[in-house]
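Raw contents of coords-v1.pdb, PDB, C-alpha atoms and all ligand atoms:
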MODEL        1
ATOM      1  CA  MET A  29       0.629 148.058 -29.392
ATOM      2  CA  VAL A  30      -2.179 148.671 -26.944
ATOM      3  CA  SER A  31      -2.202 145.034 -25.894
ATOM      4  CA  LEU A  32       1.603 145.091 -25.446
ATOM      5  CA  ILE A  33       1.336 148.014 -23.066
ATOM      6  CA  GLY A  34      -1.450 146.164 -21.297
ATOM      7  CA  LEU A  35       0.707 143.083 -20.935
ATOM      8  CA  THR A  36       3.647 145.021 -19.546
ATOM      9  CA  ARG A  37       1.456 146.774 -17.051
ATOM     10  CA  LYS A  38      -0.047 143.446 -16.010
ATOM     11  CA  LYS A  39       3.442 142.071 -15.448
ATOM     12  CA  ILE A  40       4.535 145.121 -13.470
ATOM     13  CA  LEU A  41       1.485 144.741 -11.261
ATOM     14  CA  ARG A  42       2.313 141.123 -10.415
ATOM     15  CA  LYS A  43       3.152 141.126  -6.708
ATOM     16  CA  VAL A  44       5.900 138.921  -5.327
ATOM     17  CA  ASP A  45       7.118 138.077  -1.800
ATOM     18  CA  LEU A  46      10.633 136.630  -1.789
ATOM     19  CA  HIS A  47      10.986 135.761   1.906
ATOM     20  CA  ILE A  48       8.536 133.337   3.540
ATOM     21  CA  HIS A  49       8.864 130.641   6.218
ATOM     22  CA  THR A  50       6.694 127.539   6.652
ATOM     23  CA  TYR A  51       6.430 125.062   9.514
ATOM     24  CA  PHE A  52       9.434 123.250   8.010
ATOM     25  CA  SER A  53      11.511 125.895   9.811
ATOM     26  CA  ASP A  54      10.084 128.376  12.308
ATOM     27  CA  GLY A  55       6.928 129.526  10.568
ATOM     28  CA  SER A  56       3.540 128.381  11.854
ATOM     29  CA  PHE A  57       1.832 127.610   8.512
ATOM     30  CA  SER A  58       1.994 124.589   6.241
ATOM     31  CA  PRO A  59       3.175 125.189   2.650
ATOM     32  CA  GLU A  60      -0.458 124.835   1.481
ATOM     33  CA  GLU A  61      -1.670 127.457   3.983
ATOM     34  CA  VAL A  62       1.058 129.864   2.871
ATOM     35  CA  ILE A  63       0.034 129.493  -0.778
ATOM     36  CA  GLU A  64      -3.623 129.995   0.034
ATOM     37  CA  ILE A  65      -2.928 133.181   1.999
ATOM     38  CA  ALA A  66      -0.645 134.464  -0.780
ATOM     39  CA  LYS A  67      -3.340 133.794  -3.375
ATOM     40  CA  ASN A  68      -5.994 135.579  -1.298
ATOM     41  CA  LYS A  69      -3.706 138.569  -0.879
ATOM     42  CA  GLY A  70      -3.139 138.829  -4.622
ATOM     43  CA  PHE A  71       0.424 137.494  -4.922
ATOM     44  CA  SER A  72       1.422 135.854  -8.167
ATOM     45  CA  ALA A  73       4.756 134.444  -6.990
ATOM     46  CA  LEU A  74       6.593 133.770  -3.766
ATOM     47  CA  ALA A  75       9.763 132.167  -2.503
ATOM     48  CA  ILE A  76       9.789 129.588   0.270
ATOM     49  CA  THR A  77      12.885 130.480   2.294
ATOM     50  CA  ASP A  78      12.982 128.136   5.261
ATOM     51  CA  HIS A  79      16.025 128.148   7.547
ATOM     52  CA  ASP A  80      18.220 125.110   6.782
ATOM     53  CA  SER A  81      15.407 123.209   5.056
ATOM     54  CA  VAL A  82      13.985 122.711   1.578
ATOM     55  CA  SER A  83      11.322 120.245   2.727
ATOM     56  CA  GLY A  84       8.419 122.642   2.158
ATOM     57  CA  ILE A  85       9.231 123.338  -1.492
ATOM     58  CA  PRO A  86       7.653 120.306  -3.242
ATOM     59  CA  ARG A  87       4.335 120.717  -1.395
ATOM     60  CA  ALA A  88       4.310 124.472  -1.988
ATOM     61  CA  LYS A  89       4.915 123.869  -5.695
ATOM     62  CA  ILE A  90       1.971 121.460  -5.936
ATOM     63  CA  ALA A  91      -0.324 123.871  -4.059
ATOM     64  CA  GLY A  92       0.987 126.764  -6.154
ATOM     65  CA  LYS A  93       0.191 124.978  -9.413
ATOM     66  CA  LYS A  94      -3.381 124.410  -8.248
ATOM     67  CA  LEU A  95      -3.961 128.035  -7.281
ATOM     68  CA  GLY A  96      -1.805 129.763  -9.882
ATOM     69  CA  VAL A  97       0.937 131.011  -7.548
ATOM     70  CA  GLU A  98       4.493 130.537  -8.814
ATOM     71  CA  VAL A  99       6.844 129.066  -6.187
ATOM     72  CA  ILE A 100      10.533 129.930  -6.302
ATOM     73  CA  PRO A 101      12.711 127.331  -4.559
ATOM     74  CA  ALA A 102      14.956 128.912  -1.948
ATOM     75  CA  VAL A 103      16.644 128.526   1.416
ATOM     76  CA  GLU A 104      17.877 130.822   4.210
ATOM     77  CA  LEU A 105      21.328 129.924   5.544
ATOM     78  CA  THR A 106      23.142 131.404   8.542
ATOM     79  CA  ALA A 107      26.706 132.611   8.279
ATOM     80  CA  GLU A 108      28.761 134.240  10.986
ATOM     81  CA  GLU A 109      31.435 136.890  10.982
ATOM     82  CA  LYS A 110      33.008 138.408  14.093
ATOM     83  CA  ASP A 111      30.176 137.163  16.342
ATOM     84  CA  THR A 112      27.531 138.660  14.057
ATOM     85  CA  GLU A 113      24.883 136.467  12.459
ATOM     86  CA  ILE A 114      24.484 137.014   8.744
ATOM     87  CA  HIS A 115      21.488 135.481   7.001
ATOM     88  CA  ILE A 116      21.913 134.669   3.336
ATOM     89  CA  LEU A 117      19.099 133.655   1.002
ATOM     90  CA  GLY A 118      19.726 131.335  -1.931
ATOM     91  CA  TYR A 119      17.206 131.457  -4.808
ATOM     92  CA  PHE A 120      16.639 128.965  -7.627
ATOM     93  CA  ILE A 121      18.960 126.512  -5.915
ATOM     94  CA  ASP A 122      19.019 122.873  -6.987
ATOM     95  CA  TYR A 123      16.974 121.883  -3.933
ATOM     96  CA  LYS A 124      16.902 118.226  -5.025
ATOM     97  CA  ASP A 125      20.685 117.869  -4.765
ATOM     98  CA  GLU A 126      21.349 114.876  -2.475
ATOM     99  CA  ASN A 127      24.551 116.227  -0.926
ATOM    100  CA  PHE A 128      22.880 119.523  -0.141
ATOM    101  CA  ARG A 129      19.963 117.712   1.499
ATOM    102  CA  LYS A 130      22.397 115.726   3.638
ATOM    103  CA  PHE A 131      24.201 118.922   4.548
ATOM    104  CA  LEU A 132      20.925 120.589   5.578
ATOM    105  CA  LYS A 133      20.076 117.550   7.674
ATOM    106  CA  SER A 134      23.372 117.923   9.532
ATOM    107  CA  LEU A 135      22.601 121.609  10.141
ATOM    108  CA  ARG A 136      19.182 120.689  11.547
ATOM    109  CA  GLN A 137      20.798 118.067  13.793
ATOM    110  CA  ALA A 138      23.241 120.712  15.043
ATOM    111  CA  ARG A 139      20.232 122.950  15.762
ATOM    112  CA  ILE A 140      18.762 120.260  18.025
ATOM    113  CA  GLU A 141      22.027 120.014  19.958
ATOM    114  CA  ARG A 142      22.222 123.798  20.201
ATOM    115  CA  THR A 143      18.640 123.966  21.492
ATOM    116  CA  PHE A 144      19.540 121.406  24.179
ATOM    117  CA  LYS A 145      22.332 123.743  25.286
ATOM    118  CA  MET A 146      20.013 126.755  25.279
ATOM    119  CA  VAL A 147      17.405 124.860  27.303
ATOM    120  CA  SER A 148      20.000 123.853  29.868
ATOM    121  CA  LYS A 149      21.197 127.468  30.121
ATOM    122  CA  LEU A 150      17.596 128.551  30.753
ATOM    123  CA  ARG A 151      17.168 125.815  33.353
ATOM    124  CA  LYS A 152      20.340 126.929  35.120
ATOM    125  CA  LEU A 153      18.790 130.400  35.245
ATOM    126  CA  GLY A 154      15.883 128.791  37.119
ATOM    127  CA  LEU A 155      13.373 128.643  34.261
ATOM    128  CA  ASP A 156      11.304 125.502  33.947
ATOM    129  CA  ILE A 157      11.701 124.899  30.203
ATOM    130  CA  ASP A 158      11.499 121.388  28.816
ATOM    131  CA  MET A 159      13.340 120.177  25.724
ATOM    132  CA  GLU A 160      10.369 117.895  25.001
ATOM    133  CA  ASP A 161       8.105 120.912  24.899
ATOM    134  CA  VAL A 162      10.410 122.796  22.519
ATOM    135  CA  LEU A 163      10.706 119.756  20.239
ATOM    136  CA  GLU A 164       6.937 119.434  20.165
ATOM    137  CA  THR A 165       6.548 123.119  19.337
ATOM    138  CA  ALA A 166       8.999 122.791  16.436
ATOM    139  CA  GLY A 167       7.203 119.735  15.012
ATOM    140  CA  PRO A 168       8.709 119.005  11.587
ATOM    141  CA  GLY A 169      10.564 122.327  11.550
ATOM    142  CA  ALA A 170      14.262 123.169  11.762
ATOM    143  CA  ILE A 171      14.254 123.922  15.485
ATOM    144  CA  GLY A 172      15.317 127.390  16.581
ATOM    145  CA  ARG A 173      15.016 130.318  18.902
ATOM    146  CA  LEU A 174      11.521 131.254  17.768
ATOM    147  CA  HIS A 175      10.268 127.895  19.068
ATOM    148  CA  LEU A 176      12.068 128.470  22.352
ATOM    149  CA  ALA A 177      10.577 131.963  22.549
ATOM    150  CA  PHE A 178       7.116 130.465  22.122
ATOM    151  CA  CYS A 179       7.731 128.125  25.098
ATOM    152  CA  LEU A 180       9.003 131.020  27.220
ATOM    153  CA  ILE A 181       5.845 132.997  26.403
ATOM    154  CA  LYS A 182       3.616 129.998  27.104
ATOM    155  CA  LYS A 183       5.155 129.598  30.569
ATOM    156  CA  GLY A 184       4.726 133.296  31.268
ATOM    157  CA  TYR A 185       8.459 134.049  31.605
ATOM    158  CA  VAL A 186       8.355 136.788  28.962
ATOM    159  CA  ASN A 187       5.719 139.128  27.510
ATOM    160  CA  GLY A 188       6.330 138.336  23.882
ATOM    161  CA  ILE A 189       8.799 137.378  21.178
ATOM    162  CA  TYR A 190      10.826 140.582  21.402
ATOM    163  CA  ASP A 191      10.996 140.349  25.188
ATOM    164  CA  ALA A 192      12.247 136.752  24.863
ATOM    165  CA  PHE A 193      15.076 137.823  22.558
ATOM    166  CA  ALA A 194      15.930 140.913  24.623
ATOM    167  CA  LYS A 195      16.120 138.950  27.883
ATOM    168  CA  TYR A 196      17.405 135.508  26.920
ATOM    169  CA  LEU A 197      17.713 134.516  23.273
ATOM    170  CA  GLY A 198      19.281 137.425  21.406
ATOM    171  CA  GLU A 199      22.941 137.378  20.368
ATOM    172  CA  GLY A 200      25.085 137.648  23.498
ATOM    173  CA  LYS A 201      22.138 137.237  25.927
ATOM    174  CA  ALA A 202      22.087 134.772  28.833
ATOM    175  CA  ALA A 203      20.762 131.718  26.984
ATOM    176  CA  TYR A 204      22.235 132.408  23.542
ATOM    177  CA  VAL A 205      24.257 129.660  21.903
ATOM    178  CA  ARG A 206      25.836 130.043  18.486
ATOM    179  CA  LYS A 207      24.839 127.861  15.588
ATOM    180  CA  LYS A 208      27.167 125.785  13.459
ATOM    181  CA  ARG A 209      29.399 128.369  11.873
ATOM    182  CA  LEU A 210      29.842 128.986   8.170
ATOM    183  CA  THR A 211      31.630 132.048   6.866
ATOM    184  CA  PRO A 212      29.779 134.320   4.427
ATOM    185  CA  GLY A 213      32.226 133.191   1.712
ATOM    186  CA  GLU A 214      31.488 129.495   2.331
ATOM    187  CA  THR A 215      27.761 130.191   2.275
ATOM    188  CA  LEU A 216      27.936 132.038  -1.034
ATOM    189  CA  GLN A 217      29.953 129.166  -2.492
ATOM    190  CA  ILE A 218      27.342 126.596  -1.389
ATOM    191  CA  ILE A 219      24.597 128.592  -3.124
ATOM    192  CA  LYS A 220      26.733 129.050  -6.227
ATOM    193  CA  ASN A 221      27.521 125.333  -6.402
ATOM    194  CA  LEU A 222      23.764 124.674  -6.383
ATOM    195  CA  GLY A 223      23.330 126.996  -9.354
ATOM    196  CA  GLY A 224      21.508 129.539  -7.169
ATOM    197  CA  VAL A 225      21.614 133.279  -6.632
ATOM    198  CA  SER A 226      22.573 134.755  -3.242
ATOM    199  CA  VAL A 227      20.803 137.645  -1.541
ATOM    200  CA  LEU A 228      21.696 139.272   1.783
ATOM    201  CA  ALA A 229      18.669 138.977   4.094
ATOM    202  CA  HIS A 230      17.446 141.804   6.358
ATOM    203  CA  PRO A 231      20.759 143.742   6.225
ATOM    204  CA  HIS A 232      19.581 146.135   8.963
ATOM    205  CA  THR A 233      20.383 143.408  11.519
ATOM    206  CA  ILE A 234      24.095 143.848  10.732
ATOM    207  CA  LYS A 235      25.032 146.833  12.837
ATOM    208  CA  ASN A 236      28.529 147.179  11.369
ATOM    209  CA  LYS A 237      27.903 148.776   7.962
ATOM    210  CA  LYS A 238      31.453 148.033   6.787
ATOM    211  CA  MET A 239      30.670 144.361   7.289
ATOM    212  CA  VAL A 240      27.738 144.706   4.874
ATOM    213  CA  GLU A 241      30.069 146.152   2.241
ATOM    214  CA  ASP A 242      32.605 143.368   2.919
ATOM    215  CA  ILE A 243      29.913 140.745   2.252
ATOM    216  CA  ILE A 244      28.980 142.538  -0.958
ATOM    217  CA  LYS A 245      32.623 142.467  -2.015
ATOM    218  CA  THR A 246      32.749 138.728  -1.227
ATOM    219  CA  GLY A 247      30.317 138.307  -4.126
ATOM    220  CA  ILE A 248      26.724 138.436  -2.943
ATOM    221  CA  GLU A 249      24.422 139.115  -5.900
ATOM    222  CA  GLY A 250      21.450 140.796  -4.296
ATOM    223  CA  ILE A 251      20.255 142.514  -1.125
ATOM    224  CA  GLU A 252      16.916 142.794   0.645
ATOM    225  CA  VAL A 253      16.109 146.452   0.296
ATOM    226  CA  TYR A 254      12.495 145.819   1.288
ATOM    227  CA  HIS A 255      11.753 143.902   4.491
ATOM    228  CA  SER A 256       8.986 144.066   7.076
ATOM    229  CA  ASP A 257      11.443 145.447   9.650
ATOM    230  CA  HIS A 258      12.844 148.146   7.332
ATOM    231  CA  SER A 259      11.708 151.739   7.718
ATOM    232  CA  LEU A 260      11.500 153.918   4.597
ATOM    233  CA  LYS A 261      14.831 155.437   5.581
ATOM    234  CA  THR A 262      16.449 152.009   5.961
ATOM    235  CA  SER A 263      15.127 150.885   2.570
ATOM    236  CA  ARG A 264      16.426 154.076   0.973
ATOM    237  CA  TYR A 265      19.880 153.474   2.487
ATOM    238  CA  PHE A 266      20.107 149.902   1.183
ATOM    239  CA  ARG A 267      18.658 150.878  -2.207
ATOM    240  CA  LYS A 268      21.512 153.328  -2.632
ATOM    241  CA  LEU A 269      24.001 150.663  -1.600
ATOM    242  CA  ALA A 270      22.467 148.210  -4.078
ATOM    243  CA  GLU A 271      22.729 150.776  -6.853
ATOM    244  CA  LYS A 272      26.337 151.559  -5.929
ATOM    245  CA  TYR A 273      27.364 147.913  -6.259
ATOM    246  CA  GLY A 274      24.939 146.847  -8.998
ATOM    247  CA  LEU A 275      23.080 144.351  -6.801
ATOM    248  CA  ILE A 276      19.638 142.876  -7.396
ATOM    249  CA  ILE A 277      17.147 144.887  -5.355
ATOM    250  CA  SER A 278      15.083 142.252  -3.589
ATOM    251  CA  GLY A 279      12.617 142.069  -0.750
ATOM    252  CA  GLY A 280      10.085 140.107   1.193
ATOM    253  CA  SER A 281       8.004 140.050   4.342
ATOM    254  CA  ASP A 282       9.989 137.373   6.257
ATOM    255  CA  CYS A 283       6.601 136.037   7.304
ATOM    256  CA  HIS A 284       6.697 133.382  10.053
ATOM    257  CA  GLY A 285       2.947 132.798  10.045
ATOM    258  CA  LEU A 286       1.624 133.670  13.490
ATOM    259  CA  ARG A 287       4.957 133.191  15.259
ATOM    260  CA  LYS A 288       5.816 136.869  15.132
ATOM    261  CA  GLY A 289       2.398 137.990  16.314
ATOM    262  CA  LYS A 290       0.777 138.945  13.044
ATOM    263  CA  ILE A 291       0.821 137.519   9.527
ATOM    264  CA  LEU A 292       3.444 139.579   7.706
ATOM    265  CA  LEU A 293       2.675 138.121   4.274
ATOM    266  CA  GLY A 294       1.164 141.022   2.368
ATOM    267  CA  SER A 295       3.105 143.738   4.184
ATOM    268  CA  VAL A 296       5.973 143.785   1.659
ATOM    269  CA  SER A 297       6.059 143.093  -2.060
ATOM    270  CA  VAL A 298       8.410 143.526  -4.967
ATOM    271  CA  PRO A 299       7.536 143.608  -8.672
ATOM    272  CA  TYR A 300       7.809 140.464 -10.797
ATOM    273  CA  HIS A 301      10.860 141.670 -12.688
ATOM    274  CA  VAL A 302      12.938 140.848  -9.568
ATOM    275  CA  VAL A 303      12.050 137.177 -10.135
ATOM    276  CA  GLU A 304      13.190 137.528 -13.730
ATOM    277  CA  GLU A 305      16.491 139.072 -12.637
ATOM    278  CA  LEU A 306      17.098 136.240 -10.170
ATOM    279  CA  ARG A 307      16.132 133.660 -12.781
ATOM    280  CA  SER A 308      18.449 135.161 -15.362
ATOM    281  CA  LYS A 309      21.407 134.730 -12.990
ATOM    282  CA  ALA A 310      20.510 131.195 -11.929
ATOM    283  CA  LYS A 311      21.749 128.001 -13.576
ATOM    284  CA  ILE A 312      18.511 126.089 -12.986
ATOM    285  CA  ASN A 313      15.414 128.218 -13.254
ATOM    286  CA  ASP A 314      12.559 126.139 -12.010
TER     287      ASP A 314
HETATM  288  P1  LIG B 401      17.698 130.798  14.932
HETATM  289  O1  LIG B 401      17.632 130.333  13.505
HETATM  290  O2  LIG B 401      17.344 129.743  15.894
HETATM  291  O3  LIG B 401      18.989 131.488  15.277
HETATM  292  O4  LIG B 401      16.568 131.888  15.097
HETATM  293  C1  LIG B 401      16.419 132.879  14.146
HETATM  294  C2  LIG B 401      14.988 133.369  14.198
HETATM  295  O5  LIG B 401      14.857 134.243  15.290
HETATM  296  C3  LIG B 401      14.609 134.129  12.946
HETATM  297  O6  LIG B 401      13.306 133.769  12.579
HETATM  298  C4  LIG B 401      14.675 135.562  13.369
HETATM  299  O7  LIG B 401      13.749 136.351  12.669
HETATM  300  C5  LIG B 401      14.326 135.492  14.839
HETATM  301  N1  LIG B 401      14.981 136.568  15.588
HETATM  302  C6  LIG B 401      16.302 136.804  15.687
HETATM  303  N2  LIG B 401      16.537 137.865  16.490
HETATM  304  C7  LIG B 401      15.312 138.310  16.884
HETATM  305  C8  LIG B 401      14.849 139.376  17.720
HETATM  306  N3  LIG B 401      15.713 140.208  18.315
HETATM  307  N4  LIG B 401      13.522 139.511  17.903
HETATM  308  C9  LIG B 401      12.651 138.666  17.314
HETATM  309  N5  LIG B 401      13.005 137.646  16.513
HETATM  310  C10 LIG B 401      14.312 137.471  16.304
HETATM  311 FE    FE B 402      13.045 132.443  11.120
HETATM  312 FE    FE B 403      16.607 135.675   8.720
HETATM  313 ZN    ZN B 404      13.749 134.609   7.359
ENDMDL
END

Let me see the file written as structure tokens.
Amino acid sequence: MVSLIGLTRKKILRKVDLHIHTYFSDGSFSPEEVIEIAKNKGFSALAITDHDSVSGIPRAKIAGKKLGVEVIPAVELTAEEKDTEIHILGYFIDYKDENFRKFLKSLRQARIERTFKMVSKLRKLGLDIDMEDVLETAGPGAIGRLHLAFCLIKKGYVNGIYDAFAKYLGEGKAAYVRKKRLTPGETLQIIKNLGGVSVLAHPHTIKNKKMVEDIIKTGIEGIEVYHSDHSLKTSRYFRKLAEKYGLIISGGSDCHGLRKGKILLGSVSVPYHVVEELRSKAKIND
């Protein structure tokens, strides 16, 4: 009996981060670096959630096996509804699926074209930003606004990431260009077809609260209650919403390595039973 209690407590104490980016999207760390940092900070499991890419998963899994950190395969997809970006995480997806990989490749190609358009908007505004420079910054990653922000900072046009989004890159700002559009319903279907479980990422970014409830009613299975940008009050609000609709209560740091100033890995954690809940709803659970 004593040992059973001990085991349960051990399991409860296992820390998990379910939202992490590598340099295969807009994070600054390799999969191996992410695993090493997670291990040093006492995490027992984490999910690699790159935007439009699953390329970091195999390497993270190998590194995770070596260091004893469980890696949950995942992806972060962008949907759009009424000009609002909605980020949806898919966990335990069949990341080896060939059609899905081709689809992600087309999304990454569309990102390159979109970045070209954003660069030319910036140039028309008189800013000396080079596509070559942005491509180099992105390296192997799914190119995006965080890479552009980095170039704007480097050239001294803005004071930091948040300034870059406020002045040029945020939704509706002068250099903003929309991504390839999927509806929330289409996105949930993609994740479902891959045997995965869908979770609404950083719901605080959706200003229209009715829209959040509409997405829930479309069939999302979980919601990020805990996120590095959520205040206690925000987390409490989304926890209540999760309880109302019976959603999985998830969370993660949304760490982008050093791209958002500081390393967010370690700032947010959820208990291991969240992984078990996600796994129990997934078709493939490895
Ligand atoms: P993209 O995928 O190119 O649309 O860029 C999305 C990335 O930009 C994500 O990593 C977001 O966390 C980041 N992002 C979006 N809006 C902001 C903002 N207002 N301030 C800082 N980062 C942001
Ligand atoms: Fe990102
Ligand atoms: Fe996101
Ligand atoms: Zn993210």

Have a look at A:Gly55, A:Gly223, A:Pro168, A:Gly250 and name the one nearest to ligand LIG 401 (chain B); count only C-alpha atoms and all ligand atoms.
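Checking each of A:Gly55, A:Gly223, A:Pro168, A:Gly250 against ligand LIG 401 (chain B), counting only C-alpha atoms and all ligand atoms, the winner is A:Gly55.
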
Tell me which protein, DNA and RNA residues are within 12 Å of Ala203 (chain A), counting all atoms listed in the file, leaving out same-chain ones fewer than 4 positions away, and put them as a list in words.
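That gives Arg142, Thr143, Phe144, Lys145, Met146, Val147, Ser148, Lys149, Leu150, Arg151, Lys152, Leu153, Gly154, Leu155, Ile157, Arg173, Leu176, Ala177, Leu180, Ala192, Phe193, Ala194, Lys195, Tyr196, Leu197, Gly198 and Glu199 of chain A.
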
Taking only residues of chain A that have an atom at most 10 Å from an atom of ligand LIG 401 (chain B), what is each one's shortest atom pair and its distance in Å to one decimal, using all atoms listed in the file, in chain and number order, as JSON lines?
{"residue": "A:His49", "atom": "CA", "partner": "B:LIG401", "partner_atom": "O6", "distance": 8.4}
{"residue": "A:Ser53", "atom": "CA", "partner": "B:LIG401", "partner_atom": "O1", "distance": 8.4}
{"residue": "A:Asp54", "atom": "CA", "partner": "B:LIG401", "partner_atom": "O6", "distance": 6.3}
{"residue": "A:Gly55", "atom": "CA", "partner": "B:LIG401", "partner_atom": "O6", "distance": 7.9}
{"residue": "A:Asp78", "atom": "CA", "partner": "B:LIG401", "partner_atom": "O6", "distance": 9.2}
{"residue": "A:His79", "atom": "CA", "partner": "B:LIG401", "partner_atom": "O1", "distance": 6.5}
{"residue": "A:Asp80", "atom": "CA", "partner": "B:LIG401", "partner_atom": "O1", "distance": 8.5}
{"residue": "A:Glu104", "atom": "CA", "partner": "B:LIG401", "partner_atom": "O1", "distance": 9.3}
{"residue": "A:Leu105", "atom": "CA", "partner": "B:LIG401", "partner_atom": "O1", "distance": 8.8}
{"residue": "A:Thr106", "atom": "CA", "partner": "B:LIG401", "partner_atom": "O1", "distance": 7.5}
{"residue": "A:Glu113", "atom": "CA", "partner": "B:LIG401", "partner_atom": "O3", "distance": 8.2}
{"residue": "A:His115", "atom": "CA", "partner": "B:LIG401", "partner_atom": "C1", "distance": 9.1}
{"residue": "A:Arg136", "atom": "CA", "partner": "B:LIG401", "partner_atom": "O1", "distance": 10.0}
{"residue": "A:Arg139", "atom": "CA", "partner": "B:LIG401", "partner_atom": "O2", "distance": 7.4}
{"residue": "A:Ile140", "atom": "CA", "partner": "B:LIG401", "partner_atom": "O2", "distance": 9.8}
{"residue": "A:Arg142", "atom": "CA", "partner": "B:LIG401", "partner_atom": "O2", "distance": 8.8}
{"residue": "A:Thr143", "atom": "CA", "partner": "B:LIG401", "partner_atom": "O2", "distance": 8.1}
{"residue": "A:Ala170", "atom": "CA", "partner": "B:LIG401", "partner_atom": "O1", "distance": 8.1}
{"residue": "A:Ile171", "atom": "CA", "partner": "B:LIG401", "partner_atom": "O2", "distance": 6.6}
{"residue": "A:Gly172", "atom": "CA", "partner": "B:LIG401", "partner_atom": "O2", "distance": 3.2}
{"residue": "A:Arg173", "atom": "CA", "partner": "B:LIG401", "partner_atom": "O2", "distance": 3.8}
{"residue": "A:Leu174", "atom": "CA", "partner": "B:LIG401", "partner_atom": "O5", "distance": 5.1}
{"residue": "A:His175", "atom": "CA", "partner": "B:LIG401", "partner_atom": "O2", "distance": 8.0}
{"residue": "A:Leu176", "atom": "CA", "partner": "B:LIG401", "partner_atom": "O2", "distance": 8.4}
{"residue": "A:Ala177", "atom": "CA", "partner": "B:LIG401", "partner_atom": "N5", "distance": 8.6}
{"residue": "A:Gly188", "atom": "CA", "partner": "B:LIG401", "partner_atom": "C9", "distance": 9.1}
{"residue": "A:Ile189", "atom": "CA", "partner": "B:LIG401", "partner_atom": "C9", "distance": 5.6}
{"residue": "A:Tyr190", "atom": "CA", "partner": "B:LIG401", "partner_atom": "N4", "distance": 4.5}
{"residue": "A:Asp191", "atom": "CA", "partner": "B:LIG401", "partner_atom": "N4", "distance": 7.8}
{"residue": "A:Ala192", "atom": "CA", "partner": "B:LIG401", "partner_atom": "N4", "distance": 7.6}
{"residue": "A:Phe193", "atom": "CA", "partner": "B:LIG401", "partner_atom": "N3", "distance": 4.9}
{"residue": "A:Ala194", "atom": "CA", "partner": "B:LIG401", "partner_atom": "N3", "distance": 6.4}
{"residue": "A:Lys195", "atom": "CA", "partner": "B:LIG401", "partner_atom": "N3", "distance": 9.7}
{"residue": "A:Tyr196", "atom": "CA", "partner": "B:LIG401", "partner_atom": "N3", "distance": 9.9}
{"residue": "A:Leu197", "atom": "CA", "partner": "B:LIG401", "partner_atom": "N2", "distance": 7.7}
{"residue": "A:Gly198", "atom": "CA", "partner": "B:LIG401", "partner_atom": "N3", "distance": 5.5}
{"residue": "A:Glu199", "atom": "CA", "partner": "B:LIG401", "partner_atom": "N2", "distance": 7.5}
{"residue": "A:Tyr204", "atom": "CA", "partner": "B:LIG401", "partner_atom": "O3", "distance": 8.9}
{"residue": "A:Val205", "atom": "CA", "partner": "B:LIG401", "partner_atom": "O3", "distance": 8.7}
{"residue": "A:Arg206", "atom": "CA", "partner": "B:LIG401", "partner_atom": "O3", "distance": 7.7}
{"residue": "A:Lys207", "atom": "CA", "partner": "B:LIG401", "partner_atom": "O3", "distance": 6.9}
{"residue": "A:His230", "atom": "CA", "partner": "B:LIG401", "partner_atom": "O7", "distance": 9.1}
{"residue": "A:Thr233", "atom": "CA", "partner": "B:LIG401", "partner_atom": "N2", "distance": 8.4}
{"residue": "A:Asp257", "atom": "CA", "partner": "B:LIG401", "partner_atom": "O7", "distance": 9.9}
{"residue": "A:Asp282", "atom": "CA", "partner": "B:LIG401", "partner_atom": "O7", "distance": 7.5}
{"residue": "A:Cys283", "atom": "CA", "partner": "B:LIG401", "partner_atom": "O6", "distance": 8.8}
{"residue": "A:His284", "atom": "CA", "partner": "B:LIG401", "partner_atom": "O6", "distance": 7.1}
{"residue": "A:Arg287", "atom": "CA", "partner": "B:LIG401", "partner_atom": "O6", "distance": 8.8}
{"residue": "A:Lys288", "atom": "CA", "partner": "B:LIG401", "partner_atom": "N5", "distance": 7.4}

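What separates CA of Leu286 (chain A) from CA of Arg87 (chain A) is a distance of 19.9 Å.
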
Once the PyMOL selection byres (((chain A and resi 311) around 10) and not hetatm) has been evaluated on this model, what residues remain selected, and can you format them as an MDAnalysis selection string?
chainID A and resid 120:122 220:225 307:310 312:314

Provide region 108-115 of chain A of the preceding structure as a file containing N, CA and C atoms, as a PDB file, in the first residue's frame.
ATOM      1  N   GLU A 108      -8.235  29.895 -39.489  1.00  0.00           N
ATOM      2  CA  GLU A 108      -8.656  31.290 -39.481  1.00  0.00           C
ATOM      3  C   GLU A 108     -10.170  31.373 -39.522  1.00  0.00           C
ATOM      4  N   GLU A 109     -10.689  32.302 -38.751  1.00  0.00           N
ATOM      5  CA  GLU A 109     -12.137  32.510 -38.723  1.00  0.00           C
ATOM      6  C   GLU A 109     -12.357  34.013 -38.582  1.00  0.00           C
ATOM      7  N   LYS A 110     -13.107  34.573 -39.481  1.00  0.00           N
ATOM      8  CA  LYS A 110     -13.422  36.019 -39.433  1.00  0.00           C
ATOM      9  C   LYS A 110     -12.174  36.857 -39.139  1.00  0.00           C
ATOM     10  N   ASP A 111     -11.126  36.650 -39.942  1.00  0.00           N
ATOM     11  CA  ASP A 111      -9.884  37.423 -39.813  1.00  0.00           C
ATOM     12  C   ASP A 111      -9.136  37.201 -38.496  1.00  0.00           C
ATOM     13  N   THR A 112      -9.517  36.208 -37.733  1.00  0.00           N
ATOM     14  CA  THR A 112      -8.796  35.929 -36.491  1.00  0.00           C
ATOM     15  C   THR A 112      -8.016  34.632 -36.644  1.00  0.00           C
ATOM     16  N   GLU A 113      -6.738  34.682 -36.281  1.00  0.00           N
ATOM     17  CA  GLU A 113      -5.923  33.462 -36.323  1.00  0.00           C
ATOM     18  C   GLU A 113      -6.251  32.582 -35.132  1.00  0.00           C
ATOM     19  N   ILE A 114      -6.409  31.304 -35.418  1.00  0.00           N
ATOM     20  CA  ILE A 114      -6.704  30.336 -34.353  1.00  0.00           C
ATOM     21  C   ILE A 114      -5.674  29.221 -34.456  1.00  0.00           C
ATOM     22  N   HIS A 115      -4.891  29.050 -33.416  1.00  0.00           N
ATOM     23  CA  HIS A 115      -3.853  28.013 -33.439  1.00  0.00           C
ATOM     24  C   HIS A 115      -4.373  26.743 -32.763  1.00  0.00           C
TER      25      HIS A 115
END
